[in-house]
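The structure file model.cif is reproduced below (mmCIF, C-alpha atoms, pLDDT in the B column; chains and numbers go by the auth columns).
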```cif
data_run
#
loop_
_atom_site.group_PDB
_atom_site.id
_atom_site.type_symbol
_atom_site.label_atom_id
_atom_site.label_comp_id
_atom_site.label_asym_id
_atom_site.label_seq_id
_atom_site.Cartn_x
_atom_site.Cartn_y
_atom_site.Cartn_z
_atom_site.B_iso_or_equiv
_atom_site.auth_seq_id
_atom_site.auth_asym_id
ATOM 1 C CA MET A 1 86.839 158.798 32.888 80.00 166 Y
ATOM 2 C CA LEU A 2 84.324 156.843 34.942 91.00 167 Y
ATOM 3 C CA ASP A 3 85.910 157.505 38.315 93.00 168 Y
ATOM 4 C CA SER A 4 82.936 158.852 40.258 95.00 169 Y
ATOM 5 C CA ILE A 5 79.269 158.164 40.812 96.00 170 Y
ATOM 6 C CA ASP A 6 78.370 161.404 39.059 96.00 171 Y
ATOM 7 C CA ALA A 7 80.506 160.441 36.053 96.00 172 Y
ATOM 8 C CA ILE A 8 78.716 157.080 35.826 97.00 173 Y
ATOM 9 C CA GLU A 9 75.309 158.771 36.005 97.00 174 Y
ATOM 10 C CA GLU A 10 76.298 161.265 33.312 97.00 175 Y
ATOM 11 C CA ALA A 11 77.743 158.582 31.022 97.00 176 Y
ATOM 12 C CA LEU A 12 74.623 156.445 31.296 97.00 177 Y
ATOM 13 C CA LEU A 13 72.406 159.482 30.736 97.00 178 Y
ATOM 14 C CA ALA A 14 74.409 160.394 27.635 97.00 179 Y
ATOM 15 C CA HIS A 15 73.348 156.987 26.288 97.00 180 Y
ATOM 16 C CA HIS A 16 69.692 157.628 27.207 97.00 181 Y
ATOM 17 C CA TYR A 17 69.641 155.549 30.403 96.00 182 Y
ATOM 18 C CA VAL A 18 68.520 157.304 33.576 96.00 183 Y
ATOM 19 C CA ALA A 19 70.218 155.608 36.526 95.00 184 Y
ATOM 20 C CA ASP A 20 69.567 156.295 40.170 94.00 185 Y
ATOM 21 C CA ARG A 21 72.425 156.872 42.588 96.00 186 Y
ATOM 22 C CA ALA A 22 72.317 153.300 43.928 96.00 187 Y
ATOM 23 C CA LEU A 23 72.788 151.791 40.471 96.00 188 Y
ATOM 24 C CA ALA A 24 75.551 154.247 39.589 97.00 189 Y
ATOM 25 C CA THR A 25 77.313 153.381 42.857 97.00 190 Y
ATOM 26 C CA THR A 26 76.992 149.667 42.118 96.00 191 Y
ATOM 27 C CA VAL A 27 78.406 150.126 38.618 96.00 192 Y
ATOM 28 C CA LEU A 28 81.318 152.199 39.924 97.00 193 Y
ATOM 29 C CA LEU A 29 82.196 149.601 42.573 97.00 194 Y
ATOM 30 C CA ALA A 30 81.880 146.728 40.089 94.00 195 Y
ATOM 31 C CA LEU A 31 84.245 148.485 37.696 94.00 196 Y
ATOM 32 C CA LYS A 32 86.756 149.375 40.417 94.00 197 Y
ATOM 33 C CA LEU A 33 86.698 145.898 41.981 93.00 198 Y
ATOM 34 C CA ASN A 34 86.405 144.061 38.650 87.00 199 Y
ATOM 35 C CA LYS A 35 83.335 142.173 39.867 87.00 200 Y
ATOM 36 C CA PRO A 36 80.061 141.183 38.201 87.00 201 Y
ATOM 37 C CA ILE A 37 76.724 142.848 38.891 90.00 202 Y
ATOM 38 C CA LEU A 38 73.551 140.896 39.658 88.00 203 Y
ATOM 39 C CA LEU A 39 70.364 142.806 38.900 90.00 204 Y
ATOM 40 C CA GLU A 40 67.011 141.457 40.047 88.00 205 Y
ATOM 41 C CA GLY A 41 63.590 142.879 39.385 87.00 206 Y
ATOM 42 C CA GLU A 42 60.299 142.632 37.601 88.00 207 Y
ATOM 43 C CA ALA A 43 60.115 142.311 33.843 85.00 208 Y
ATOM 44 C CA GLY A 44 60.464 145.588 32.000 89.00 209 Y
ATOM 45 C CA VAL A 45 62.327 147.607 34.638 90.00 210 Y
ATOM 46 C CA GLY A 46 65.504 147.925 32.557 90.00 211 Y
ATOM 47 C CA LYS A 47 67.868 145.204 33.761 92.00 212 Y
ATOM 48 C CA THR A 48 68.850 144.109 30.258 94.00 213 Y
ATOM 49 C CA GLN A 49 69.129 147.707 29.119 96.00 214 Y
ATOM 50 C CA VAL A 50 71.711 148.375 31.855 96.00 215 Y
ATOM 51 C CA ALA A 51 74.030 145.794 30.294 96.00 216 Y
ATOM 52 C CA LYS A 52 73.429 147.096 26.780 97.00 217 Y
ATOM 53 C CA THR A 53 74.067 150.683 27.857 97.00 218 Y
ATOM 54 C CA LEU A 54 77.175 149.757 29.858 96.00 219 Y
ATOM 55 C CA SER A 55 78.629 147.996 26.835 96.00 220 Y
ATOM 56 C CA GLU A 56 78.137 151.198 24.841 97.00 221 Y
ATOM 57 C CA VAL A 57 79.507 153.462 27.593 97.00 222 Y
ATOM 58 C CA LEU A 58 82.560 151.258 28.104 96.00 223 Y
ATOM 59 C CA SER A 59 82.999 150.569 24.370 95.00 224 Y
ATOM 60 C CA ARG A 60 82.950 146.867 25.100 95.00 225 Y
ATOM 61 C CA ARG A 61 81.380 144.019 23.213 96.00 226 Y
ATOM 62 C CA LEU A 62 78.049 142.791 24.583 97.00 227 Y
ATOM 63 C CA ILE A 63 77.840 139.004 24.873 97.00 228 Y
ATOM 64 C CA ARG A 64 74.413 137.651 25.758 97.00 229 Y
ATOM 65 C CA LEU A 65 73.569 134.295 27.291 96.00 230 Y
ATOM 66 C CA GLN A 66 69.838 133.607 27.328 95.00 231 Y
ATOM 67 C CA CYS A 67 69.011 131.044 30.017 94.00 232 Y
ATOM 68 C CA TYR A 68 66.250 128.458 29.820 94.00 233 Y
ATOM 69 C CA GLU A 69 65.314 125.204 31.508 94.00 234 Y
ATOM 70 C CA GLY A 70 67.645 122.429 30.393 92.00 235 Y
ATOM 71 C CA LEU A 71 70.521 124.751 29.513 93.00 236 Y
ATOM 72 C CA ASP A 72 73.773 123.012 30.358 89.00 237 Y
ATOM 73 C CA VAL A 73 77.449 123.822 30.649 89.00 238 Y
ATOM 74 C CA ASN A 74 78.341 122.254 27.305 86.00 239 Y
ATOM 75 C CA THR A 75 76.083 124.514 25.268 89.00 240 Y
ATOM 76 C CA THR A 76 77.195 127.679 27.063 94.00 241 Y
ATOM 77 C CA ILE A 77 80.955 127.205 26.761 95.00 242 Y
ATOM 78 C CA TYR A 78 81.616 125.495 23.433 94.00 243 Y
ATOM 79 C CA GLU A 79 80.481 122.847 21.018 94.00 244 Y
ATOM 80 C CA TRP A 80 82.185 121.063 18.179 94.00 245 Y
ATOM 81 C CA ASN A 81 81.174 121.501 14.554 94.00 246 Y
ATOM 82 C CA TYR A 82 80.491 117.802 14.013 94.00 247 Y
ATOM 83 C CA GLN A 83 79.591 118.197 10.348 95.00 248 Y
ATOM 84 C CA GLY A 84 82.847 120.037 9.687 92.00 249 Y
ATOM 85 C CA GLN A 85 84.819 117.403 11.573 90.00 250 Y
ATOM 86 C CA LEU A 86 83.145 114.610 9.631 90.00 251 Y
ATOM 87 C CA LEU A 87 83.881 116.321 6.326 89.00 252 Y
ATOM 88 C CA GLN A 88 87.514 116.748 7.380 86.00 253 Y
ATOM 89 C CA ILE A 89 87.771 113.047 8.234 83.00 254 Y
ATOM 90 C CA ARG A 90 86.273 112.107 4.851 85.00 255 Y
ATOM 91 C CA LEU A 91 88.697 114.466 3.105 84.00 256 Y
ATOM 92 C CA LEU A 92 91.660 112.972 4.977 81.00 257 Y
ATOM 93 C CA GLU A 93 90.504 109.460 4.071 80.00 258 Y
ATOM 94 C CA ALA A 94 89.995 110.400 0.418 83.00 259 Y
ATOM 95 C CA THR A 95 93.462 111.928 0.123 81.00 260 Y
ATOM 96 C CA GLY A 96 95.131 109.160 2.106 76.00 261 Y
ATOM 97 C CA SER A 97 96.252 111.615 4.771 70.00 262 Y
ATOM 98 C CA ALA A 98 94.508 109.935 7.704 63.00 263 Y
ATOM 99 C CA ASP A 99 97.558 109.001 9.765 67.00 264 Y
ATOM 100 C CA GLY A 100 95.990 108.212 13.140 59.00 265 Y
ATOM 101 C CA GLN A 101 97.027 110.731 15.797 61.00 266 Y
ATOM 102 C CA GLY A 102 97.611 113.524 13.290 64.00 267 Y
ATOM 103 C CA ALA A 103 94.118 113.100 11.885 66.00 268 Y
ATOM 104 C CA ILE A 104 92.598 113.104 15.366 69.00 269 Y
ATOM 105 C CA ALA A 105 94.476 116.262 16.295 72.00 270 Y
ATOM 106 C CA ASP A 106 93.371 117.876 13.045 79.00 271 Y
ATOM 107 C CA VAL A 107 89.640 117.316 13.604 83.00 272 Y
ATOM 108 C CA PHE A 108 89.898 118.819 17.092 87.00 273 Y
ATOM 109 C CA ASP A 109 91.508 121.967 15.752 89.00 274 Y
ATOM 110 C CA GLN A 110 90.238 125.458 16.711 91.00 275 Y
ATOM 111 C CA ARG A 111 88.558 125.867 13.340 92.00 276 Y
ATOM 112 C CA PHE A 112 85.986 123.231 14.327 94.00 277 Y
ATOM 113 C CA LEU A 113 85.300 124.794 17.729 94.00 278 Y
ATOM 114 C CA ILE A 114 82.061 126.745 18.066 96.00 279 Y
ATOM 115 C CA LYS A 115 82.621 129.230 20.862 96.00 280 Y
ATOM 116 C CA ARG A 116 79.546 129.915 22.958 96.00 281 Y
ATOM 117 C CA PRO A 117 78.913 132.990 25.151 96.00 282 Y
ATOM 118 C CA LEU A 118 80.862 132.008 28.265 96.00 283 Y
ATOM 119 C CA LEU A 119 84.002 131.050 26.356 95.00 284 Y
ATOM 120 C CA GLN A 120 83.683 134.187 24.233 96.00 285 Y
ATOM 121 C CA ALA A 121 83.566 136.321 27.383 95.00 286 Y
ATOM 122 C CA ILE A 122 86.491 134.513 29.019 94.00 287 Y
ATOM 123 C CA GLU A 123 88.631 134.808 25.897 95.00 288 Y
ATOM 124 C CA ALA A 124 87.756 138.482 25.461 94.00 289 Y
ATOM 125 C CA GLY A 125 89.034 139.198 28.968 91.00 290 Y
ATOM 126 C CA ALA A 126 92.121 137.062 28.453 91.00 291 Y
ATOM 127 C CA HIS A 127 92.981 139.043 25.320 92.00 292 Y
ATOM 128 C CA GLY A 128 92.736 142.352 27.188 91.00 293 Y
ATOM 129 C CA GLU A 129 89.405 143.279 25.623 91.00 294 Y
ATOM 130 C CA PRO A 130 86.892 142.638 28.420 91.00 295 Y
ATOM 131 C CA ALA A 131 83.280 142.294 27.363 94.00 296 Y
ATOM 132 C CA VAL A 132 79.971 142.905 29.082 95.00 297 Y
ATOM 133 C CA LEU A 133 78.447 139.476 29.680 95.00 298 Y
ATOM 134 C CA LEU A 134 74.665 139.604 29.983 95.00 299 Y
ATOM 135 C CA ILE A 135 73.218 136.460 31.550 94.00 300 Y
ATOM 136 C CA ASP A 136 69.495 136.899 31.044 93.00 301 Y
ATOM 137 C CA GLU A 137 66.623 135.000 32.692 92.00 302 Y
ATOM 138 C CA LEU A 138 68.948 133.188 35.113 91.00 303 Y
ATOM 139 C CA ASP A 139 65.955 132.106 37.194 91.00 304 Y
ATOM 140 C CA ARG A 140 64.913 129.784 34.348 93.00 305 Y
ATOM 141 C CA ALA A 141 68.166 127.785 34.475 93.00 306 Y
ATOM 142 C CA ASP A 142 68.595 124.548 36.414 93.00 307 Y
ATOM 143 C CA GLU A 143 70.337 124.479 39.802 93.00 308 Y
ATOM 144 C CA GLU A 144 73.356 122.636 38.382 93.00 309 Y
ATOM 145 C CA PHE A 145 73.914 125.384 35.845 93.00 310 Y
ATOM 146 C CA GLU A 146 73.479 128.077 38.496 92.00 311 Y
ATOM 147 C CA ALA A 147 76.132 126.341 40.611 93.00 312 Y
ATOM 148 C CA PHE A 148 78.487 126.252 37.637 93.00 313 Y
ATOM 149 C CA LEU A 149 77.977 129.966 36.981 91.00 314 Y
ATOM 150 C CA LEU A 150 78.627 130.756 40.635 89.00 315 Y
ATOM 151 C CA GLU A 151 81.929 128.897 40.403 91.00 316 Y
ATOM 152 C CA LEU A 152 82.862 130.540 37.109 88.00 317 Y
ATOM 153 C CA LEU A 153 82.052 134.084 38.209 82.00 318 Y
ATOM 154 C CA SER A 154 83.597 133.896 41.682 78.00 319 Y
#
```
So that I can check it, write out the structure of this file as structure tokens.
Amino acid sequence: MLDSIDAIEEALLAHHYVADRALATTVLLALKLNKPILLEGEAGVGKTQVAKTLSEVLSRRLIRLQCYEGLDVNTTIYEWNYQGQLLQIRLLEATGSADGQGAIADVFDQRFLIKRPLLQAIEAGAHGEPAVLLIDELDRADEEFEAFLLELLS
């Protein structure tokens, strides 16, 4: 059970990650308070590896969101499979099943929804299977996206 700083350090070490006391304390508090962790630092110091190792230690799925300039809310939450929707519309037309509202509801069905990292993480938590969400290279994202993430994670 990860109920102490020493237990966190030992669990991370068992997965080949050497954590200092400050990081182990941060991880313990984040787990107890159910809050996210923000890690800053130079490239190559192990920030990404912390998330990967925590997902292993906690036996949770790792969901990664790679940020870049121009990344927007729509591409991080969900998108529609437009080709699939178009094929469904053509199929409904060909079979004579296109009945207006029913056809519209059908093309906006879950099977045409492409879930992106943020929605995947939210749904995982809602289904009682919390994931480790790694948001990498956040400094490359636009201010609007950063504001959205702040709202989502608060």
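Shortest separation to Ala172 in chain Y among Y:Ile228, Y:Leu256, Y:Asp307, Y:Leu193 occurs at residue Y:Leu193, atoms counted being all atoms listed in the file.
Take CA of Glu309 in chain Y and CA of Thr240 in chain Y: the distance between them is 13.5 Å.
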With all atoms listed in the file counted and 12 Å as the cut-off, give the residues of range 171-241 of chain Y in contact with range 282-294 of chain Y, each with its shortest interatomic distance in Å and the pair that gives it, as CSV.
```
residue,atom,partner,partner_atom,distance
Y:Asn199,CA,Y:Gly290,CA,11.1
Y:Ser220,CA,Y:Glu294,CA,11.8
Y:Leu223,CA,Y:Glu294,CA,10.8
Y:Ser224,CA,Y:Glu294,CA,9.8
Y:Arg225,CA,Y:Glu294,CA,7.4
Y:Arg226,CA,Y:Glu294,CA,8.4
Y:Leu227,CA,Y:Ala286,CA,9.0
Y:Ile228,CA,Y:Pro282,CA,6.1
Y:Arg229,CA,Y:Pro282,CA,6.5
Y:Leu230,CA,Y:Pro282,CA,5.9
Y:Gln231,CA,Y:Pro282,CA,9.4
Y:Cys232,CA,Y:Pro282,CA,11.2
Y:Asp237,CA,Y:Leu283,CA,11.6
Y:Val238,CA,Y:Leu283,CA,9.2
Y:Asn239,CA,Y:Leu283,CA,10.1
Y:Thr240,CA,Y:Pro282,CA,8.9
Y:Thr241,CA,Y:Leu283,CA,5.8
```
Run the PyMOL selection byres ((chain Y and resi 305) around 6) mentally over the shown coordinates, then write out the matched residues as a PyMOL selection string, using the chain letters and numbers from the document.
chain Y and resi 233-234+302-304+306
Quick one: residues within 9 Å of Asn246 in chain Y, all atoms listed in the file counted, chain neighbours fewer than 5 positions away excluded, as a PyMOL selection string?
chain Y and resi 251+276-279
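Using all atoms listed in the file for every distance, the candidate list Y:Ile202, Y:Ile242, Y:Leu318, Y:Leu194 yields Y:Ile242 as the residue closest to Lys280 in chain Y.
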Residue nearest Gly211 in chain Y among Y:Glu174, Y:Glu316, Y:Asp301, Y:Glu311 (counting only C-alpha atoms)
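With only C-alpha atoms as the atom set, the closest residue is Y:Asp301.
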Care to translate the PyMOL selection byres ((chain Y and resi 216) around 8) into actual residues of this file, as a ChimeraX atom specification?
/Y:212-215,217-220,227,297-299
Store the residues picked out above, limited to C-alpha atoms, as a PDB file, in the frame of the given file.
```
ATOM      1  CA  LYS Y 212      67.868 145.204  33.761  1.00 92.00           C
ATOM      2  CA  THR Y 213      68.850 144.109  30.258  1.00 94.00           C
ATOM      3  CA  GLN Y 214      69.129 147.707  29.119  1.00 96.00           C
ATOM      4  CA  VAL Y 215      71.711 148.375  31.855  1.00 96.00           C
ATOM      5  CA  LYS Y 217      73.429 147.096  26.780  1.00 97.00           C
ATOM      6  CA  THR Y 218      74.067 150.683  27.857  1.00 97.00           C
ATOM      7  CA  LEU Y 219      77.175 149.757  29.858  1.00 96.00           C
ATOM      8  CA  SER Y 220      78.629 147.996  26.835  1.00 96.00           C
ATOM      9  CA  LEU Y 227      78.049 142.791  24.583  1.00 97.00           C
ATOM     10  CA  VAL Y 297      79.971 142.905  29.082  1.00 95.00           C
ATOM     11  CA  LEU Y 298      78.447 139.476  29.680  1.00 95.00           C
ATOM     12  CA  LEU Y 299      74.665 139.604  29.983  1.00 95.00           C
TER      13      LEU Y 299
END
```
Pick from Y:Ala312, Y:Val192, Y:Ile170, Y:Gln248: nearest to Leu204 in chain Y, with only C-alpha atoms counted?
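Ranked by minimum distance to Leu204 in chain Y, first place goes to Y:Val192.
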